[in-house]
$ cat model.csv   # CSV, C-alpha atoms and all ligand atoms
chain,number,residue,atom,x,y,z
A,1,MET,CA,-21.8,26.5,-20.0
A,2,SER,CA,-19.6,25.0,-22.6
A,3,ILE,CA,-17.4,26.9,-25.1
A,4,VAL,CA,-16.3,25.5,-28.5
A,5,VAL,CA,-13.8,27.5,-30.5
A,6,GLU,CA,-13.6,26.0,-34.0
A,7,SER,CA,-10.7,26.9,-36.2
A,8,VAL,CA,-11.0,30.7,-35.4
A,9,SER,CA,-8.8,33.2,-37.1
A,10,LYS,CA,-8.9,36.9,-36.5
A,11,LEU,CA,-7.3,39.4,-38.9
A,12,PHE,CA,-7.2,43.1,-38.1
A,13,VAL,CA,-6.6,45.7,-40.8
A,14,ARG,CA,-5.5,49.0,-39.6
A,15,ARG,CA,-4.3,51.8,-41.9
A,16,GLY,CA,-3.7,49.2,-44.6
A,17,ARG,CA,-1.5,47.1,-42.3
A,18,GLU,CA,-2.7,43.6,-41.6
A,19,VAL,CA,-2.3,41.9,-38.2
A,20,VAL,CA,-3.2,38.2,-37.8
A,21,ALA,CA,-4.0,38.0,-34.1
A,22,LEU,CA,-5.2,34.4,-34.1
A,23,ASP,CA,-4.6,31.7,-36.6
A,24,GLU,CA,-7.0,28.7,-36.9
A,25,LEU,CA,-7.3,28.3,-33.1
A,26,SER,CA,-9.5,25.5,-31.8
A,27,LEU,CA,-10.3,24.6,-28.2
A,28,ASN,CA,-13.1,23.2,-26.1
A,29,ILE,CA,-14.1,24.2,-22.6
A,30,GLU,CA,-16.5,22.1,-20.6
A,31,THR,CA,-19.3,23.3,-18.5
A,32,GLY,CA,-18.1,24.2,-15.0
A,33,GLU,CA,-14.4,24.0,-16.1
A,34,PHE,CA,-11.9,26.6,-14.9
A,35,VAL,CA,-9.5,27.3,-17.8
A,36,ALA,CA,-6.5,29.7,-17.7
A,37,PHE,CA,-4.9,31.3,-20.8
A,38,VAL,CA,-1.3,32.2,-20.7
A,39,GLY,CA,0.8,33.5,-23.6
A,40,PRO,CA,3.0,36.4,-24.6
A,41,SER,CA,1.7,39.9,-24.9
A,42,GLY,CA,-0.2,40.5,-28.2
A,43,CYS,CA,-0.9,36.8,-28.9
A,44,GLY,CA,-4.7,37.4,-29.1
A,45,LYS,CA,-5.9,36.3,-25.6
A,46,SER,CA,-8.1,39.4,-25.1
A,47,THR,CA,-9.2,39.2,-28.7
A,48,LEU,CA,-10.5,35.7,-28.1
A,49,LEU,CA,-12.4,36.7,-24.9
A,50,ASN,CA,-13.9,39.6,-26.9
A,51,MET,CA,-15.1,37.1,-29.5
A,52,ILE,CA,-16.6,34.7,-26.9
A,53,ALA,CA,-18.4,37.8,-25.4
A,54,GLY,CA,-19.7,38.5,-28.9
A,55,ILE,CA,-18.1,42.0,-29.0
A,56,LEU,CA,-15.8,41.0,-31.9
A,57,GLU,CA,-16.5,38.6,-34.8
A,58,PRO,CA,-14.1,36.0,-36.0
A,59,THR,CA,-12.7,36.6,-39.5
A,60,SER,CA,-13.2,32.8,-40.1
A,61,GLY,CA,-14.2,29.9,-38.0
A,62,SER,CA,-16.9,29.9,-35.3
A,63,ILE,CA,-17.5,30.1,-31.6
A,64,GLU,CA,-20.3,28.3,-29.8
A,65,HIS,CA,-21.3,29.1,-26.3
A,66,ASP,CA,-23.8,26.9,-24.5
A,67,GLY,CA,-24.5,25.1,-27.8
A,68,ARG,CA,-25.3,28.3,-29.7
A,69,VAL,CA,-23.2,30.1,-32.2
A,70,VAL,CA,-22.1,33.5,-30.8
A,71,SER,CA,-23.3,36.3,-33.1
A,72,GLY,CA,-23.7,39.6,-31.5
A,73,PRO,CA,-23.3,40.5,-27.8
A,74,ASN,CA,-23.4,37.3,-25.6
A,75,ARG,CA,-25.6,38.1,-22.6
A,76,ALA,CA,-24.9,34.7,-21.0
A,77,VAL,CA,-21.4,35.6,-20.1
A,78,GLY,CA,-20.1,37.9,-17.4
A,79,TYR,CA,-17.0,39.8,-18.7
A,80,MET,CA,-14.5,41.3,-16.3
A,81,THR,CA,-12.2,43.3,-18.4
A,82,GLN,CA,-8.8,44.6,-17.3
A,83,ALA,CA,-10.2,48.1,-16.7
A,84,ASP,CA,-12.9,47.6,-14.1
A,85,GLY,CA,-15.5,50.0,-15.7
A,86,LEU,CA,-17.1,51.1,-12.4
A,87,LEU,CA,-19.0,54.3,-12.6
A,88,PRO,CA,-17.3,56.9,-10.3
A,89,TRP,CA,-20.5,58.7,-9.5
A,90,ARG,CA,-22.3,55.5,-8.2
A,91,SER,CA,-21.6,53.8,-4.9
A,92,ALA,CA,-20.3,50.2,-4.8
A,93,GLU,CA,-23.9,49.0,-4.2
A,94,ASP,CA,-25.3,51.1,-7.0
A,95,ASN,CA,-22.6,49.9,-9.4
A,96,VAL,CA,-23.5,46.3,-8.6
A,97,MET,CA,-27.2,47.0,-9.0
A,98,LEU,CA,-26.7,48.6,-12.5
A,99,PRO,CA,-26.6,45.4,-14.6
A,100,LEU,CA,-29.7,44.2,-12.8
A,101,ILE,CA,-31.7,47.4,-13.3
A,102,LEU,CA,-30.7,47.4,-17.0
A,103,ARG,CA,-32.2,43.9,-17.3
A,104,GLY,CA,-35.5,45.1,-15.8
A,105,VAL,CA,-35.1,43.8,-12.2
A,106,GLY,CA,-37.0,46.0,-9.7
A,107,LYS,CA,-35.1,48.4,-7.5
A,108,ALA,CA,-35.8,46.6,-4.2
A,109,GLU,CA,-34.9,43.2,-5.6
A,110,ALA,CA,-31.7,44.6,-7.3
A,111,ARG,CA,-30.6,46.2,-3.9
A,112,ARG,CA,-31.2,42.9,-2.1
A,113,ARG,CA,-29.1,41.0,-4.6
A,114,SER,CA,-26.4,43.6,-4.6
A,115,ASP,CA,-26.1,43.5,-0.8
A,116,GLU,CA,-25.9,39.7,-0.9
A,117,LEU,CA,-23.2,39.8,-3.6
A,118,LEU,CA,-21.2,42.5,-1.8
A,119,SER,CA,-21.3,40.2,1.3
A,120,THR,CA,-20.1,37.3,-0.9
A,121,VAL,CA,-17.0,39.3,-1.8
A,122,ASN,CA,-16.6,40.5,1.8
A,123,LEU,CA,-17.4,44.1,1.1
A,124,SER,CA,-20.6,44.8,3.0
A,125,THR,CA,-19.1,47.5,5.1
A,126,PHE,CA,-18.2,49.5,2.0
A,127,ALA,CA,-21.4,49.3,0.1
A,128,ARG,CA,-22.1,53.0,0.3
A,129,HIS,CA,-18.5,54.0,-0.7
A,130,PHE,CA,-17.7,55.4,-4.1
A,131,PRO,CA,-15.0,53.8,-6.3
A,132,ASN,CA,-12.5,56.6,-5.5
A,133,GLU,CA,-13.0,55.7,-1.8
A,134,LEU,CA,-12.0,52.1,-2.3
A,135,SER,CA,-8.6,50.4,-2.6
A,136,GLY,CA,-7.6,48.6,-5.8
A,137,GLY,CA,-8.5,45.2,-4.3
A,138,MET,CA,-11.9,46.5,-3.1
A,139,ARG,CA,-12.6,47.8,-6.6
A,140,LYS,CA,-11.8,44.4,-8.1
A,141,ARG,CA,-14.2,42.9,-5.6
A,142,VAL,CA,-17.0,45.3,-6.6
A,143,ALA,CA,-16.3,44.5,-10.3
A,144,LEU,CA,-16.5,40.8,-9.5
A,145,ALA,CA,-19.8,41.3,-7.6
A,146,GLN,CA,-21.0,43.3,-10.6
A,147,VAL,CA,-20.4,40.5,-13.1
A,148,LEU,CA,-21.9,37.9,-10.8
A,149,ALA,CA,-25.0,40.0,-10.4
A,150,TYR,CA,-27.0,38.6,-13.2
A,151,ASP,CA,-25.7,35.1,-12.5
A,152,PRO,CA,-24.0,34.4,-15.8
A,153,GLY,CA,-23.2,30.7,-16.6
A,154,THR,CA,-19.7,31.7,-17.8
A,155,LEU,CA,-17.2,34.2,-16.4
A,156,LEU,CA,-14.6,35.7,-18.7
A,157,MET,CA,-11.8,37.4,-16.6
A,158,ASP,CA,-9.0,39.3,-18.3
A,159,GLU,CA,-6.0,39.7,-16.0
A,160,PRO,CA,-8.4,40.6,-13.2
A,161,PHE,CA,-5.8,40.6,-10.4
A,162,GLY,CA,-2.8,41.8,-12.5
A,163,ALA,CA,-2.4,45.2,-10.9
A,164,LEU,CA,-2.7,44.0,-7.3
A,165,ASP,CA,0.2,43.4,-4.9
A,166,ALA,CA,1.3,39.8,-4.3
A,167,GLN,CA,-0.5,39.2,-1.0
A,168,LEU,CA,-3.8,40.8,-2.1
A,169,LYS,CA,-3.6,38.7,-5.3
A,170,LEU,CA,-3.6,35.5,-3.2
A,171,VAL,CA,-6.5,36.7,-1.1
A,172,MET,CA,-8.5,37.5,-4.3
A,173,GLN,CA,-7.6,34.1,-5.8
A,174,ASN,CA,-8.8,32.4,-2.7
A,175,GLU,CA,-12.1,34.2,-2.8
A,176,LEU,CA,-12.6,33.5,-6.5
A,177,LEU,CA,-11.9,29.8,-5.9
A,178,GLU,CA,-14.5,29.7,-3.1
A,179,ILE,CA,-17.1,31.4,-5.3
A,180,TRP,CA,-16.3,29.1,-8.2
A,181,GLU,CA,-16.5,26.0,-6.0
A,182,ARG,CA,-19.9,27.1,-4.7
A,183,THR,CA,-21.4,28.2,-8.1
A,184,LYS,CA,-19.5,25.9,-10.5
A,185,LYS,CA,-19.6,28.5,-13.3
A,186,THR,CA,-17.4,28.0,-16.3
A,187,VAL,CA,-14.4,30.4,-15.9
A,188,VAL,CA,-12.0,31.6,-18.6
A,189,PHE,CA,-9.2,33.4,-16.8
A,190,VAL,CA,-6.4,35.3,-18.7
A,191,THR,CA,-3.2,35.9,-16.7
A,192,HIS,CA,0.5,36.7,-17.2
A,193,ASP,CA,1.3,34.9,-14.0
A,194,LEU,CA,1.8,31.2,-14.6
A,195,ALA,CA,1.7,30.4,-10.8
A,196,GLU,CA,-1.7,32.0,-10.7
A,197,ALA,CA,-2.9,30.0,-13.7
A,198,ILE,CA,-1.7,26.7,-12.1
A,199,ALA,CA,-3.1,27.6,-8.6
A,200,LEU,CA,-6.6,28.2,-10.0
A,201,ALA,CA,-7.2,26.3,-13.1
A,202,ASP,CA,-8.3,22.8,-14.1
A,203,ARG,CA,-6.4,23.3,-17.3
A,204,VAL,CA,-3.8,25.8,-18.5
A,205,ILE,CA,-3.7,26.7,-22.2
A,206,VAL,CA,-0.4,28.1,-23.5
A,207,PHE,CA,-0.7,30.3,-26.6
A,208,THR,CA,2.1,30.8,-29.1
A,209,GLY,CA,3.3,34.3,-29.9
A,210,ARG,CA,1.2,36.1,-32.6
A,211,PRO,CA,-0.5,34.7,-34.5
A,212,GLY,CA,-1.9,33.0,-31.4
A,213,ARG,CA,-2.3,29.2,-31.6
A,214,VAL,CA,-2.6,26.6,-28.9
A,215,LYS,CA,0.9,25.5,-28.0
A,216,LEU,CA,0.2,23.3,-25.0
A,217,GLU,CA,-2.8,22.2,-23.0
A,218,GLU,CA,-1.9,21.0,-19.6
A,219,THR,CA,-4.4,19.5,-17.1
A,220,ILE,CA,-3.7,20.5,-13.6
A,221,THR,CA,-4.1,17.6,-11.3
A,222,LEU,CA,-3.6,19.3,-7.9
A,223,PRO,CA,-6.4,18.2,-5.6
A,224,ARG,CA,-9.3,20.4,-4.7
A,225,PRO,CA,-10.2,22.2,-2.7
A,226,ARG,CA,-7.0,24.1,-3.2
A,227,ASP,CA,-5.0,26.3,-0.9
A,228,VAL,CA,-3.6,29.1,-2.9
A,229,PHE,CA,-1.3,30.1,0.0
A,230,LYS,CA,0.3,26.7,0.4
A,231,ASP,CA,0.0,24.7,-2.8
A,232,ARG,CA,2.7,26.6,-4.6
A,233,PHE,CA,5.3,25.1,-2.3
A,234,THR,CA,4.5,21.5,-3.1
A,235,ALA,CA,6.6,19.4,-5.4
A,236,GLY,CA,3.7,18.7,-7.7
A,237,PHE,CA,3.1,22.4,-8.2
A,238,GLN,CA,6.7,23.1,-9.0
A,239,GLN,CA,7.0,20.2,-11.5
A,240,THR,CA,3.9,21.4,-13.2
A,241,TYR,CA,5.3,25.0,-13.3
A,242,GLU,CA,8.5,23.8,-14.9
A,243,ARG,CA,6.8,21.7,-17.5
A,244,ILE,CA,4.5,24.6,-18.6
A,245,TRP,CA,7.3,27.2,-18.4
A,246,GLN,CA,9.3,25.1,-20.9
A,247,ALA,CA,6.5,25.7,-23.4
A,248,LEU,CA,5.9,29.3,-22.5
A,249,GLU,CA,9.4,30.7,-22.1
A,250,PRO,CA,10.5,30.4,-25.8
A,251,GLU,CA,7.3,32.2,-26.9
A,252,ILE,CA,8.0,35.1,-24.5
A,253,LYS,CA,11.6,35.3,-25.7
A,254,LYS,CA,10.6,35.3,-29.3
A,255,GLY,CA,8.5,38.4,-28.5
A,256,GLU,CA,11.4,40.1,-27.0
A,257,ALA,CA,13.5,39.5,-30.1
A,258,LEU,CA,11.0,41.4,-32.3
A,301,LIG,N1,-9.5,46.5,-32.3
A,301,LIG,C1,-8.3,46.2,-32.8
A,301,LIG,N2,-7.8,46.8,-34.0
A,301,LIG,C2,-6.6,46.5,-34.5
A,301,LIG,N3,-5.8,45.6,-33.9
A,301,LIG,C3,-6.1,45.0,-32.8
A,301,LIG,C4,-7.4,45.3,-32.2
A,301,LIG,N4,-7.5,44.5,-31.0
A,301,LIG,C5,-6.3,43.8,-31.0
A,301,LIG,N5,-5.5,44.1,-32.0
A,301,LIG,C6,-4.2,43.5,-32.3
A,301,LIG,O1,-4.3,42.1,-32.2
A,301,LIG,C7,-3.2,41.5,-31.5
A,301,LIG,C8,-3.7,40.8,-30.3
A,301,LIG,O2,-4.2,41.7,-29.3
A,301,LIG,P1,-4.8,41.2,-27.9
A,301,LIG,O3,-5.2,42.4,-27.2
A,301,LIG,O4,-5.8,40.2,-28.1
A,301,LIG,O5,-3.5,40.5,-27.2
A,301,LIG,P2,-3.3,39.9,-25.8
A,301,LIG,O6,-2.8,38.5,-25.9
A,301,LIG,O7,-4.5,40.1,-25.0
A,301,LIG,O8,-2.1,40.8,-25.2
A,301,LIG,P3,-1.8,41.3,-23.7
A,301,LIG,O9,-1.3,40.1,-23.0
A,301,LIG,O10,-0.7,42.3,-23.9
A,301,LIG,O11,-3.1,41.8,-23.1
A,301,LIG,C9,-2.3,42.7,-31.2
A,301,LIG,O12,-1.3,42.8,-32.2
A,301,LIG,C10,-3.2,43.9,-31.2
A,301,LIG,O13,-2.5,45.1,-31.7
A,302,MG,MG,-5.0,41.3,-23.3
$ encode --input "model.csv" --output "structure tokens" --more "lines below"
Ligand SMILES: Nc1ncnc2c1ncn2[C@@H]1O[C@H](COP(=O)(O)OP(=O)(O)OP(=O)(O)O)[C@@H](O)[C@H]1O
Ligand SMILES: [Mg+2]
Amino acid sequence: MSIVVESVSKLFVRRGREVVALDELSLNIETGEFVAFVGPSGCGKSTLLNMIAGILEPTSGSIEHDGRVVSGPNRAVGYMTQADGLLPWRSAEDNVMLPLILRGVGKAEARRRSDELLSTVNLSTFARHFPNELSGGMRKRVALAQVLAYDPGTLLMDEPFGALDAQLKLVMQNELLEIWERTKKTVVFVTHDLAEAIALADRVIVFTGRPGRVKLEETITLPRPRDVFKDRFTAGFQQTYERIWQALEPEIKKGEAL
């Protein structure tokens, strides 16, 4: 599903103090495209995801998703926030079933779909485990299965693998790419890790420091299917990294100076 962000600004007012999080930001994301957002902390990346998900409203400008203006919670997106939001008293399987049950899917069908999804994310053996009995990577897999459960056309992912160790991160990136290549969902992926952004995305969008604007849009021409374990050692990858880093580095340094 496509996303059109048209001149969006977001102003927060808190205890009389104004913060301009985003300033007249425009961008287009095509159906089936995998786009990564990178930018310094506080530049409005999560705010923009919240607006695409319809949880927050722009102060000015508009956002269209799948040809419709977003106003109110957008049920056509699956939103994987940084905190996984799994309910500790429900097993992995019951957590994945929850969004389906809330949408009126019968219990037997919800269980069938949940088992299928847990198998997609390689977690079948742990279906009956509770979140506190799972590793960090497994919890992320459950959260991913949960957002895939109602088959949204668009996935919004806010630093989904940020807390994972380097190896596990690569494993999860690989699994996500396999799922994306099979389902061709639109993905908006926020990360602080530029190598991760390049390894996964069709296009990397660099934000300026707050107020967030688009500083650079770089199309990633690495061939697909990709190999997240090996691509980063290629010359093409490293040149791309350096080019994008030149745009990103000063924005991050400005933030440090504040
Ligand atoms: N609900 C809110 N009320 C007031 N200010 C907010 C709110 N949400 C975000 N902000 C402010 O908007 C700015 C952008 O925040 P946002 O969370 O979008 O940044 P970010 O780019 O996701 O940062 P990070 O990379 O650290 O996650 C920050 O200055 C933040 O304090
Ligand atoms: Mg954020």
$ atom_distance --input "model.csv" --atom1 "CA of Trp245 (chain A)" --atom2 "CA of Gly39 (chain A)"
10.4 Å
$ residues_near_point --input "model.csv" --point "(-16.2, 37.7, -23.0)" --cutoff "12 Å" --atoms "all atoms listed in the file" --output "ChimeraX atom specification"
/A:3,45-57,63,65,70,72-82,147,152-158,186-190
$ residues_near_ligand --input "model.csv" --ligand "ligand LIG 301 (chain A)" --cutoff "12 Å" --atoms "all atoms listed in the file" --output "ChimeraX atom specification"
/A:9-23,37-51,55-58,81-83,157-160,162,189-193,206-213,251-252,255
$ residues_near_point --input "model.csv" --point "(-15.9, 44.4, -13.4)" --cutoff "7 Å" --atoms "all atoms listed in the file" --output "PyMOL selection string"
chain A and resi 80-81+84-86+140+142-144+146-147
$ closest_residue --input "model.csv" --among "A:Val35, A:Leu117, A:Ile29, A:Ala149" --to "Ala201 (chain A)" --atoms "only C-alpha atoms"
A:Val35
$ atom_distance --input "model.csv" --atom1 "CA of Val5 (chain A)" --atom2 "CA of Glu218 (chain A)"
17.4 Å
$ residues_around --input "model.csv" --residues "region 221-235 of chain A" --least-positions-apart "3" --cutoff "7 Å" --atoms "only C-alpha atoms" --output "PDB file with C-alpha atoms, in the frame of the given file"
ATOM      1  CA  LEU A 170      -3.600  35.500  -3.200  1.00  0.00           C
ATOM      2  CA  ASN A 174      -8.800  32.400  -2.700  1.00  0.00           C
ATOM      3  CA  ALA A 199      -3.100  27.600  -8.600  1.00  0.00           C
ATOM      4  CA  GLN A 238       6.700  23.100  -9.000  1.00  0.00           C
ATOM      5  CA  GLN A 239       7.000  20.200 -11.500  1.00  0.00           C
TER       6      GLN A 239
END
$ residues_around --input "model.csv" --residues "Thr219 (chain A)" --least-positions-apart "3" --cutoff "9 Å" --atoms "only C-alpha atoms" --output "compact mmCIF listing (two decimals) with C-alpha atoms, keeping the file's coordinate frame"
# COMPACT_ATOMS: atom_id res chain seq x y z
CA ALA A 201 -7.20 26.30 -13.10
CA ASP A 202 -8.30 22.80 -14.10
CA ARG A 203 -6.40 23.30 -17.30
CA VAL A 204 -3.80 25.80 -18.50
CA ILE A 205 -3.70 26.70 -22.20
$ closest_residue --input "model.csv" --among "A:Glu242, A:Asp151, A:Glu196, A:Glu6" --to "Lys184 (chain A)" --atoms "all atoms listed in the file"
A:Asp151
$ closest_residue --input "model.csv" --among "A:Gln173, A:Gln246, A:Thr183, A:Thr59" --to "Leu200 (chain A)" --atoms "only C-alpha atoms"
A:Gln173
$ atom_distance --input "model.csv" --atom1 "CA of Leu100 (chain A)" --atom2 "CA of Tyr150 (chain A)"
6.2 Å
$ residues_around --input "model.csv" --residues "region 128-131 of chain A" --least-positions-apart "6" --cutoff "6 Å" --atoms "only C-alpha atoms" --output "NGL selection string"
:A and (88 or 91-92)
$ closest_residue --input "model.csv" --among "A:Val214, A:Leu123, A:Ala166, A:Leu87" --to "Ser26 (chain A)" --atoms "all atoms listed in the file"
A:Val214
$ decode --input "model.csv" --residues "region 125-190 of chain A" --atoms "C-alpha atoms" --output "mmCIF file, in the first residue's frame"
data_model
loop_
_atom_site.group_PDB
_atom_site.id
_atom_site.type_symbol
_atom_site.label_atom_id
_atom_site.label_comp_id
_atom_site.auth_asym_id
_atom_site.auth_seq_id
_atom_site.Cartn_x
_atom_site.Cartn_y
_atom_site.Cartn_z
ATOM 1 C CA THR A 125 8.482 -25.190 19.264
ATOM 2 C CA PHE A 126 7.923 -22.273 21.625
ATOM 3 C CA ALA A 127 4.253 -21.588 20.890
ATOM 4 C CA ARG A 128 3.149 -22.499 24.433
ATOM 5 C CA HIS A 129 5.894 -20.492 26.152
ATOM 6 C CA PHE A 130 5.140 -17.247 27.952
ATOM 7 C CA PRO A 131 7.044 -14.053 27.056
ATOM 8 C CA ASN A 132 9.281 -14.278 30.161
ATOM 9 C CA GLU A 133 10.327 -17.755 29.003
ATOM 10 C CA LEU A 134 11.543 -16.429 25.640
ATOM 11 C CA SER A 135 14.829 -14.787 24.637
ATOM 12 C CA GLY A 136 14.880 -11.209 23.334
ATOM 13 C CA GLY A 137 15.096 -12.433 19.734
ATOM 14 C CA MET A 138 12.230 -14.849 20.239
ATOM 15 C CA ARG A 139 10.063 -12.086 21.680
ATOM 16 C CA LYS A 140 10.768 -9.999 18.581
ATOM 17 C CA ARG A 141 9.718 -12.955 16.453
ATOM 18 C CA VAL A 142 6.437 -13.246 18.366
ATOM 19 C CA ALA A 143 5.851 -9.511 17.960
ATOM 20 C CA LEU A 144 6.512 -9.834 14.221
ATOM 21 C CA ALA A 145 4.109 -12.778 13.926
ATOM 22 C CA GLN A 146 1.562 -10.695 15.846
ATOM 23 C CA VAL A 147 1.688 -7.746 13.437
ATOM 24 C CA LEU A 148 1.575 -10.122 10.465
ATOM 25 C CA ALA A 149 -1.479 -11.897 11.898
ATOM 26 C CA TYR A 150 -4.166 -9.773 10.274
ATOM 27 C CA ASP A 151 -2.183 -9.481 7.058
ATOM 28 C CA PRO A 152 -1.748 -5.695 6.935
ATOM 29 C CA GLY A 153 -0.671 -4.210 3.606
ATOM 30 C CA THR A 154 1.914 -2.048 5.346
ATOM 31 C CA LEU A 155 4.338 -2.787 8.165
ATOM 32 C CA LEU A 156 5.690 0.044 10.303
ATOM 33 C CA MET A 157 8.722 -1.079 12.294
ATOM 34 C CA ASP A 158 10.366 1.222 14.843
ATOM 35 C CA GLU A 159 13.887 0.005 15.623
ATOM 36 C CA PRO A 160 12.617 -3.554 15.855
ATOM 37 C CA PHE A 161 16.030 -5.170 16.222
ATOM 38 C CA GLY A 162 17.821 -2.330 18.044
ATOM 39 C CA ALA A 163 18.257 -4.193 21.327
ATOM 40 C CA LEU A 164 19.513 -7.446 19.826
ATOM 41 C CA ASP A 165 23.130 -8.583 19.667
ATOM 42 C CA ALA A 166 24.949 -8.253 16.348
ATOM 43 C CA GLN A 167 24.566 -11.873 15.181
ATOM 44 C CA LEU A 168 20.932 -12.226 16.126
ATOM 45 C CA LYS A 169 20.215 -8.931 14.412
ATOM 46 C CA LEU A 170 21.524 -10.392 11.132
ATOM 47 C CA VAL A 171 19.413 -13.527 11.564
ATOM 48 C CA MET A 172 16.288 -11.414 12.145
ATOM 49 C CA GLN A 173 17.094 -9.149 9.167
ATOM 50 C CA ASN A 174 17.410 -12.216 7.005
ATOM 51 C CA GLU A 175 14.060 -13.577 8.171
ATOM 52 C CA LEU A 176 12.366 -10.237 7.627
ATOM 53 C CA LEU A 177 13.718 -10.043 4.061
ATOM 54 C CA GLU A 178 12.468 -13.547 3.339
ATOM 55 C CA ILE A 179 8.993 -12.652 4.618
ATOM 56 C CA TRP A 180 8.986 -9.369 2.699
ATOM 57 C CA GLU A 181 10.101 -11.036 -0.530
ATOM 58 C CA ARG A 182 7.280 -13.548 -0.185
ATOM 59 C CA THR A 183 4.516 -11.118 0.836
ATOM 60 C CA LYS A 184 5.669 -7.885 -0.860
ATOM 61 C CA LYS A 185 4.208 -5.714 1.863
ATOM 62 C CA THR A 186 5.155 -2.067 2.062
ATOM 63 C CA VAL A 187 7.681 -1.690 4.895
ATOM 64 C CA VAL A 188 8.735 1.466 6.724
ATOM 65 C CA PHE A 189 11.684 0.578 8.930
ATOM 66 C CA VAL A 190 13.279 2.986 11.425
#
